[in-house]
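First comes the structure, then the notes that go with it.
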Amino acid sequence: MRALVTGGAGFIGANFVLSTVASRPDVDITVLDKLTYAANPSTLDSVADRIEIVEGDIADADLVDRLVAQTDIVIHFAAESHNDNSLADPSAFVQTNLVGTYTLLEAVRRHRTRLHHISTDEVYGDLALDDPSRFTETTPYNPSSPYSSTKAGSDLLVRAWVRSFGIHATLSNCSNNYGPYQHVEKFIPRQITNVLTGARPRLYGTGTNVRDWIHVDDHNDAVWTIIDTGVVGETYLIGADGETDNRTVVETILEILGKPTDAYDLVTDRPGHDMRYAIDSTRLRTELGWSPRYTDFRAGLEATVDWYRENENWWRPVKDGVERGYARTEKIVG
Ligand code: NAD
Ligand code: DAU
């Protein structure tokens, strides 16, 4: 099988490439990645002689057409992925997440190529803390931020191309991922690397917001399950029952690193901050037989803390720039 992995130098895409090279020697991988600030091509160093890496934009129609013509399946991870950046400047989000996905769709339509589209639970908006329900495949779309609205738009494009043009696509919407090789702009790596560099963790608002954490390897394992056995045209929600509030995550990181659990700062809240995400992944579990392997969130966090401790070379070069960016808008409030 020849697979074109878009965004394969980013967090989830690179973990997907690494685990696929290790477990599926029959898959020939080409990575298409623009190598934005979010990419770290060194993540792929250990498999560089086993894959092809093309630096390019998913919105470049000629390049995409050439690559899609030579592949059996496109696994589409590429996106602008950070909510805070989308609030500062949404333009790249519209271009990559909407125009880029449209460009891929037209290419897979022309070449009748299978597509798996990676998306997020944020397309469903948020839930109240006391709401007993969770997101399912039939929850109405109600995105809050420029990031999540462009991801929602990209999902709707994929669904329309399935219905109108009969393209062979599946979709998945996953909850918050954690694990190795995640950019230090994101919540968990930011807090771990703050403590490792002698700074204090930063909690938005009061830290009561809830995210439904899943290990990146469980997400990618579910993606292969859907590619192998999912029904074309269908959507599957991916989640591992990992609901945890942000304050608890920060306190656990501090405890793992041997610091007082109250050694963090409360800072200005994210505008429009979604309160809670929660995934009901019953369909994926019962219809396709998938289940997560990382069911102990604390153990997964400990392994992730160890990874950042042991791989400072990977994240150190970008850490100060990320913190300077946050410092432009962030104020300590408690
Ligand atoms: P990331 O920001 O770490 O990586 C994105 C990658 O896409 C980078 O390598 C970047 O260079 C590349 N890219 C960006 N614009 C591009 C373009 N125009 N052309 C080609 N490549 C481009 O993101 P991530 O966290 O790995 O997320 C990957 C996918 O998974 C995204 O579609 C995201 O919406 C989705 N997702 C993420 C999470 C999460 O918790 N991180 C959860 C659910 C779904
Ligand atoms: O739910 C899936 C989504 O999860 C993905 O689609 C996105 O690509 C991914 O970035 C993530 O979005 P979030 O906005 O939930 O992730 P982030 O890591 O930015 O923040 C997680 C929570 O932590 C959120 O409630 C905001 C809060 N936060 C974040 C940062 C960076 C803090 O309290 N302090 C921080 O410094």
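How things are named: the first chain in the structure tokens is A, the next is B, and so on; residues count from 1 in each chain; ligands count from 1 in the order shown.
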Long-range neighbours of Ser81 in chain A as a ChimeraX atom specification, 10 Å cut-off, only C-alpha atoms, 2 positions minimum in chain: /A:10,38,77-79,83-86,93,97,120,147-148,151,186
What would the file look like if the residues just selected were written as a compact mmCIF listing (two decimals), in the first residue's frame with N, CA and C atoms?
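File written: part.txt
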# COMPACT_ATOMS: atom_id res chain seq x y z
N GLY A 10 4.27 16.87 11.85
CA GLY A 10 3.69 17.46 13.07
C GLY A 10 3.53 16.39 14.14
N ALA A 38 5.09 24.58 13.26
CA ALA A 38 4.60 23.47 14.10
C ALA A 38 5.32 22.16 13.79
N PHE A 77 -3.66 14.58 7.95
CA PHE A 77 -3.47 15.20 9.27
C PHE A 77 -3.20 16.71 9.17
N ALA A 78 -2.69 17.18 8.03
CA ALA A 78 -2.18 18.56 7.96
C ALA A 78 -3.25 19.56 8.33
N ALA A 79 -2.88 20.50 9.20
CA ALA A 79 -3.81 21.56 9.60
C ALA A 79 -3.03 22.60 10.38
N ASN A 83 -5.64 26.63 18.84
CA ASN A 83 -6.71 27.60 19.07
C ASN A 83 -6.20 29.01 19.36
N ASP A 84 -5.17 29.14 20.20
CA ASP A 84 -4.69 30.47 20.56
C ASP A 84 -4.19 31.22 19.33
N ASN A 85 -3.49 30.51 18.43
CA ASN A 85 -3.01 31.16 17.20
C ASN A 85 -4.17 31.58 16.32
N SER A 86 -5.24 30.78 16.31
CA SER A 86 -6.37 31.10 15.44
C SER A 86 -7.09 32.35 15.93
N PHE A 93 -5.54 29.52 9.01
CA PHE A 93 -6.49 28.44 9.34
C PHE A 93 -7.50 28.26 8.21
N ASN A 97 -6.84 24.78 6.43
CA ASN A 97 -7.86 23.81 6.85
C ASN A 97 -9.01 23.72 5.85
N THR A 120 -11.41 16.74 14.72
CA THR A 120 -11.37 17.00 16.16
C THR A 120 -12.77 17.00 16.77
N TYR A 147 -10.22 28.17 14.75
CA TYR A 147 -9.66 26.83 14.49
C TYR A 147 -10.77 25.81 14.31
N SER A 148 -11.65 25.71 15.31
CA SER A 148 -12.63 24.62 15.26
C SER A 148 -13.65 24.83 14.15
N LYS A 151 -12.03 23.56 11.00
CA LYS A 151 -12.03 22.08 11.00
C LYS A 151 -13.45 21.57 10.71
N LYS A 186 1.42 23.73 23.19
CA LYS A 186 0.21 23.07 23.67
C LYS A 186 0.27 22.87 25.19
Near range 308-324 of chain A, counting only C-alpha atoms, which residues have an atom at most 10 Å away, once you skip same-chain residues fewer than 4 positions from it, shown as a CSV table (one decimal) with N, CA and C atoms, in the first residue's frame?
chain,number,residue,atom,x,y,z
A,37,TYR,N,6.0,26.4,11.4
A,37,TYR,CA,6.6,26.5,12.7
A,37,TYR,C,6.2,25.2,13.6
A,38,ALA,N,5.1,24.6,13.3
A,38,ALA,CA,4.6,23.5,14.1
A,38,ALA,C,5.3,22.2,13.8
A,40,ASN,N,8.5,19.5,13.1
A,40,ASN,CA,9.9,19.3,13.5
A,40,ASN,C,10.4,18.1,12.8
A,42,SER,N,13.0,16.7,12.5
A,42,SER,CA,14.0,15.8,13.1
A,42,SER,C,13.2,14.6,13.8
A,43,THR,N,11.9,14.8,14.1
A,43,THR,CA,11.1,13.7,14.6
A,43,THR,C,11.2,12.5,13.7
A,179,GLY,N,1.4,13.1,24.5
A,179,GLY,CA,2.4,12.1,24.2
A,179,GLY,C,3.7,12.8,23.7
A,180,PRO,N,4.6,12.0,23.2
A,180,PRO,CA,5.9,12.6,22.8
A,180,PRO,C,5.8,13.4,21.5
A,181,TYR,N,6.7,14.3,21.3
A,181,TYR,CA,6.8,15.1,20.1
A,181,TYR,C,5.7,16.1,19.9
A,182,GLN,N,5.0,16.5,21.0
A,182,GLN,CA,4.0,17.5,20.9
A,182,GLN,C,4.6,18.9,21.1
A,183,HIS,N,4.2,19.9,20.2
A,183,HIS,CA,4.8,21.2,20.3
A,183,HIS,C,4.6,21.8,21.6
A,184,VAL,N,5.6,22.6,22.1
A,184,VAL,CA,5.5,23.2,23.5
A,184,VAL,C,4.5,24.4,23.6
A,185,GLU,N,3.9,24.7,22.5
A,185,GLU,CA,2.8,25.7,22.6
A,185,GLU,C,1.5,25.1,23.3
A,186,LYS,N,1.4,23.7,23.2
A,186,LYS,CA,0.2,23.1,23.7
A,186,LYS,C,0.3,22.9,25.2
A,189,PRO,N,2.7,19.8,27.1
A,189,PRO,CA,4.1,20.1,27.0
A,189,PRO,C,4.6,21.5,27.5
A,190,ARG,N,3.7,22.5,27.4
A,190,ARG,CA,4.0,23.8,27.9
A,190,ARG,C,4.3,23.7,29.4
A,192,ILE,N,4.9,21.1,31.3
A,192,ILE,CA,6.1,20.2,31.7
A,192,ILE,C,7.4,21.0,31.4
A,193,THR,N,7.5,21.7,30.3
A,193,THR,CA,8.8,22.4,29.9
A,193,THR,C,8.9,23.7,30.7
A,194,ASN,N,7.8,24.3,31.2
A,194,ASN,CA,7.9,25.4,32.1
A,194,ASN,C,8.6,24.9,33.4
A,196,LEU,N,10.5,22.3,33.8
A,196,LEU,CA,11.8,21.9,33.5
A,196,LEU,C,12.8,23.1,33.3
A,197,THR,N,12.2,24.2,32.9
A,197,THR,CA,13.1,25.4,32.7
A,197,THR,C,13.0,26.4,33.9
A,257,LEU,N,6.9,15.9,39.0
A,257,LEU,CA,8.3,16.5,38.9
A,257,LEU,C,8.8,17.0,40.3
A,303,ALA,N,5.1,9.0,31.6
A,303,ALA,CA,6.0,8.6,30.5
A,303,ALA,C,6.2,9.9,29.6
A,304,THR,N,5.2,10.7,29.5
A,304,THR,CA,5.4,11.9,28.7
A,304,THR,C,6.4,12.9,29.4
A,328,ARG,N,3.1,38.2,25.3
A,328,ARG,CA,2.5,39.5,24.7
A,328,ARG,C,1.1,39.7,25.2
A,329,THR,N,0.3,38.6,25.5
A,329,THR,CA,-1.1,38.8,25.8
A,329,THR,C,-1.4,38.3,27.2
A,330,GLU,N,-0.6,37.4,27.8
A,330,GLU,CA,-1.0,36.7,29.0
A,330,GLU,C,-0.6,37.6,30.3
Close residues to ligand 2 using only C-alpha atoms and all ligand atoms, limit 7 Å, as a ChimeraX atom specification: /A:81-84,119-122,148,174-177,185-188,190-191,202-204,207,209-211,246,273-274,277
Which of range 121-177 of chain A fall in helix (DSSP H, G or I), as a list in words: Asp121, Glu122, Val123, Tyr124, Pro146, Tyr147, Ser148, Ser149, Thr150, Lys151, Ala152, Gly153, Ser154, Asp155, Leu156, Leu157, Val158, Arg159, Ala160, Trp161, Val162, Arg163, Ser164 and Phe165 of chain A
9 Å contact set for range 107-115 of chain A, only C-alpha atoms, chain neighbours under 6 positions out, as a list in words: Ala61, Val64, Asp65, Arg66, Val68, Ala69, Thr71, Asp72, Ile73, Val74, Ile75, His76, Trp161, Phe165, Gly166, Ile167, His168, Ala169, Thr170, Leu171, Ile227 and Val232 of chain A
For the residues in the current selection, export N, CA and C atoms as a compact mmCIF listing (two decimals), in the first residue's frame.
# COMPACT_ATOMS: atom_id res chain seq x y z
N ALA A 61 -2.25 22.90 -5.80
CA ALA A 61 -3.05 21.91 -6.56
C ALA A 61 -2.19 21.04 -7.46
N VAL A 64 -0.17 18.54 -5.27
CA VAL A 64 -1.09 17.57 -4.66
C VAL A 64 -1.58 16.58 -5.72
N ASP A 65 -1.90 17.07 -6.89
CA ASP A 65 -2.38 16.18 -7.95
C ASP A 65 -1.32 15.13 -8.29
N ARG A 66 -0.08 15.58 -8.44
CA ARG A 66 1.02 14.64 -8.77
C ARG A 66 1.18 13.57 -7.69
N VAL A 68 -1.03 12.63 -5.30
CA VAL A 68 -2.22 11.78 -5.12
C VAL A 68 -2.30 10.76 -6.25
N ALA A 69 -1.86 11.14 -7.44
CA ALA A 69 -1.89 10.20 -8.59
C ALA A 69 -1.03 8.96 -8.31
N THR A 71 -0.58 7.46 -5.30
CA THR A 71 -0.81 6.85 -3.98
C THR A 71 -2.12 6.06 -3.94
N ASP A 72 -2.22 5.14 -2.98
CA ASP A 72 -3.46 4.38 -2.82
C ASP A 72 -4.38 5.01 -1.78
N ILE A 73 -3.79 5.70 -0.82
CA ILE A 73 -4.61 6.31 0.25
C ILE A 73 -3.95 7.59 0.74
N VAL A 74 -4.78 8.59 1.01
CA VAL A 74 -4.31 9.83 1.65
C VAL A 74 -4.80 9.82 3.09
N ILE A 75 -3.88 10.01 4.02
CA ILE A 75 -4.27 10.13 5.43
C ILE A 75 -3.96 11.58 5.81
N HIS A 76 -5.03 12.33 6.05
CA HIS A 76 -4.93 13.80 6.04
C HIS A 76 -4.90 14.38 7.45
N TRP A 161 -18.34 15.87 -0.48
CA TRP A 161 -17.67 15.20 -1.61
C TRP A 161 -18.01 13.70 -1.62
N PHE A 165 -20.04 13.36 -4.95
CA PHE A 165 -19.11 12.84 -5.96
C PHE A 165 -18.71 11.39 -5.71
N GLY A 166 -19.20 10.82 -4.61
CA GLY A 166 -18.92 9.41 -4.33
C GLY A 166 -17.47 9.11 -4.01
N ILE A 167 -16.73 10.10 -3.47
CA ILE A 167 -15.34 9.78 -3.11
C ILE A 167 -15.32 8.77 -1.95
N HIS A 168 -14.23 8.03 -1.87
CA HIS A 168 -14.11 6.98 -0.86
C HIS A 168 -13.38 7.54 0.35
N ALA A 169 -14.14 8.13 1.27
CA ALA A 169 -13.51 8.76 2.44
C ALA A 169 -14.15 8.28 3.73
N THR A 170 -13.32 8.20 4.78
CA THR A 170 -13.82 8.05 6.13
C THR A 170 -13.35 9.26 6.92
N LEU A 171 -14.02 9.53 8.04
CA LEU A 171 -13.65 10.67 8.89
C LEU A 171 -13.52 10.19 10.33
N ILE A 227 -9.30 2.76 8.90
CA ILE A 227 -8.86 2.54 7.51
C ILE A 227 -9.07 1.07 7.12
N VAL A 232 -16.86 3.14 4.34
CA VAL A 232 -16.61 4.35 3.57
C VAL A 232 -17.82 5.28 3.67
Exercise: range 287-302 of chain A partners within 9 Å, only C-alpha atoms, chain neighbours under 5 positions left out, as a VMD selection string: chain A and resid 178 to 179 188 213 to 215 217 to 219 221 to 222 225 to 226 229 to 230 239 to 242 249 252 to 253 256 to 257 282 307
Selected residues written out with C-alpha atoms, as a compact mmCIF listing (two decimals), in the first residue's frame:
# COMPACT_ATOMS: atom_id res chain seq x y z
CA TYR A 178 -0.88 13.89 24.52
CA GLY A 179 2.43 12.07 24.22
CA ILE A 188 0.70 19.58 28.58
CA TRP A 213 -7.22 13.12 27.08
CA ILE A 214 -6.09 10.27 24.84
CA HIS A 215 -2.57 9.02 24.16
CA ASP A 217 -0.64 6.10 19.95
CA ASP A 218 -4.23 5.16 20.81
CA HIS A 219 -5.50 7.82 18.38
CA ASP A 221 -4.16 2.90 16.33
CA ALA A 222 -7.84 3.87 15.96
CA THR A 225 -8.65 0.41 12.60
CA ILE A 226 -10.96 2.77 10.68
CA THR A 229 -12.40 -1.95 8.72
CA GLY A 230 -14.45 1.29 8.73
CA GLY A 239 -11.80 8.86 22.69
CA ALA A 240 -10.42 6.99 25.68
CA ASP A 241 -12.64 8.16 28.58
CA GLY A 242 -9.92 10.54 29.78
CA VAL A 249 -3.45 17.98 35.02
CA THR A 252 -0.29 16.01 38.59
CA ILE A 253 2.60 17.30 36.44
CA ILE A 256 5.43 13.98 39.11
CA LEU A 257 8.25 16.54 38.88
CA THR A 282 -19.12 3.39 21.63
CA TRP A 307 10.17 11.94 27.34
Gap from CA of Ile58 in chain A to atom 4 (O, counted along the ligand's line) of ligand 1 - Å, one decimal: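 For CA of Ile58 in chain A relative to atom 4 (O, counted along the ligand's line) of ligand 1, the distance reads 12.8 Å.
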Long-range neighbours of Glu52 in chain A as a list in words, 7 Å cut-off, only C-alpha atoms, 2 positions minimum in chain: Ile29, Thr30, Val31 and Val54 of chain A
Range 44-233 of chain A: which residues are strand (DSSP E or B) by DSSP, as a compact mmCIF listing (two decimals) with N, CA and C atoms, in the first residue's frame?
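Resulting contents of part_36.txt:
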# COMPACT_ATOMS: atom_id res chain seq x y z
N GLU A 52 9.55 8.83 2.15
CA GLU A 52 9.90 10.00 1.34
C GLU A 52 9.25 11.21 2.01
N ILE A 53 9.99 12.31 2.09
CA ILE A 53 9.42 13.53 2.67
C ILE A 53 9.40 14.61 1.59
N VAL A 54 8.20 15.14 1.31
CA VAL A 54 8.06 16.22 0.34
C VAL A 54 7.66 17.47 1.09
N GLU A 55 8.48 18.52 0.97
CA GLU A 55 8.11 19.79 1.60
C GLU A 55 7.18 20.53 0.65
N ILE A 73 -3.79 5.70 -0.82
CA ILE A 73 -4.61 6.31 0.25
C ILE A 73 -3.95 7.59 0.74
N VAL A 74 -4.78 8.59 1.01
CA VAL A 74 -4.31 9.83 1.65
C VAL A 74 -4.80 9.82 3.09
N ILE A 75 -3.88 10.01 4.02
CA ILE A 75 -4.27 10.13 5.43
C ILE A 75 -3.96 11.58 5.81
N HIS A 76 -5.03 12.33 6.05
CA HIS A 76 -4.93 13.80 6.04
C HIS A 76 -4.90 14.38 7.45
N ARG A 114 -8.55 6.61 -2.08
CA ARG A 114 -9.15 6.52 -0.73
C ARG A 114 -8.57 7.64 0.12
N LEU A 115 -9.44 8.23 0.99
CA LEU A 115 -9.02 9.32 1.89
C LEU A 115 -9.47 9.00 3.31
N HIS A 116 -8.57 9.22 4.28
CA HIS A 116 -9.05 9.28 5.67
C HIS A 116 -8.76 10.69 6.20
N HIS A 117 -9.82 11.35 6.64
CA HIS A 117 -9.73 12.74 7.09
C HIS A 117 -9.70 12.77 8.62
N ILE A 118 -8.66 13.42 9.16
CA ILE A 118 -8.49 13.49 10.62
C ILE A 118 -9.12 14.77 11.14
N SER A 119 -10.01 14.66 12.10
CA SER A 119 -10.60 15.88 12.67
C SER A 119 -10.71 15.79 14.19
N THR A 120 -11.41 16.74 14.72
CA THR A 120 -11.37 17.00 16.16
C THR A 120 -12.77 17.00 16.77
N PHE A 135 -20.23 13.77 23.45
CA PHE A 135 -20.40 13.88 22.00
C PHE A 135 -20.54 12.49 21.38
N ALA A 169 -14.14 8.13 1.27
CA ALA A 169 -13.51 8.76 2.44
C ALA A 169 -14.15 8.28 3.73
N THR A 170 -13.32 8.20 4.78
CA THR A 170 -13.82 8.05 6.13
C THR A 170 -13.35 9.26 6.92
N LEU A 171 -14.02 9.53 8.04
CA LEU A 171 -13.65 10.67 8.89
C LEU A 171 -13.52 10.19 10.33
N SER A 172 -12.63 10.84 11.08
CA SER A 172 -12.61 10.59 12.52
C SER A 172 -12.47 11.91 13.26
N ASN A 173 -13.13 12.00 14.41
CA ASN A 173 -13.05 13.18 15.27
C ASN A 173 -12.54 12.70 16.63
N CYS A 174 -11.37 13.19 16.99
CA CYS A 174 -10.71 12.70 18.21
C CYS A 174 -10.64 13.81 19.26
N ASN A 177 -5.11 15.00 22.32
CA ASN A 177 -3.99 14.03 22.33
C ASN A 177 -2.85 14.52 23.22
N TYR A 178 -2.14 13.57 23.84
CA TYR A 178 -0.88 13.89 24.52
C TYR A 178 0.11 12.77 24.21
N ARG A 202 1.12 27.67 33.72
CA ARG A 202 0.16 28.75 33.50
C ARG A 202 -1.21 28.16 33.20
N LEU A 203 -2.16 28.43 34.08
CA LEU A 203 -3.53 27.92 33.89
C LEU A 203 -4.44 29.04 33.42
N TYR A 204 -5.16 28.82 32.33
CA TYR A 204 -6.10 29.83 31.85
C TYR A 204 -7.33 29.87 32.76
N VAL A 210 -12.48 21.23 31.19
CA VAL A 210 -12.20 19.78 31.12
C VAL A 210 -11.86 19.38 29.69
N ARG A 211 -10.81 18.58 29.54
CA ARG A 211 -10.45 18.00 28.26
C ARG A 211 -10.44 16.48 28.42
N ASP A 212 -10.68 15.76 27.30
CA ASP A 212 -10.84 14.31 27.34
C ASP A 212 -9.57 13.69 26.74
N ILE A 214 -6.38 11.58 25.44
CA ILE A 214 -6.09 10.27 24.84
C ILE A 214 -4.63 10.26 24.41
N HIS A 215 -3.96 9.12 24.60
CA HIS A 215 -2.57 9.02 24.16
C HIS A 215 -2.53 8.99 22.64
One-decimal distance in Å that lies between CA of Ser144 in chain A and CA of Thr268 in chain A: 18.2 Å
Residue with smallest distance to Thr286 in chain A - pool A:Thr150, A:Asp265, A:Leu237, A:Leu98, counting only C-alpha atoms: A:Leu237
Point-to-point distance in Å for atom 44 (C, counted along the ligand's line) of ligand 1 and CA of Leu266 in chain A: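 Atom 44 (C, counted along the ligand's line) of ligand 1 lies at a distance of 26.3 Å from CA of Leu266 in chain A.
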From A:Pro143, A:Gly7, A:Gly153, A:Gly198, residue lying nearest ligand 1 [only C-alpha atoms and all ligand atoms]: A:Gly7
Contacts of Thr138 in chain A within 10 Å, only C-alpha atoms, excl. fewer than 2 positions in-chain, as a PyMOL selection string: chain A and resi 124+135-136+140-141+235
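Each of A:Gln70, A:Asn220, A:Asn142, A:Ser23 was checked against ligand 1 using only C-alpha atoms and all ligand atoms; the smallest atom-to-atom distance is that of A:Asn220.
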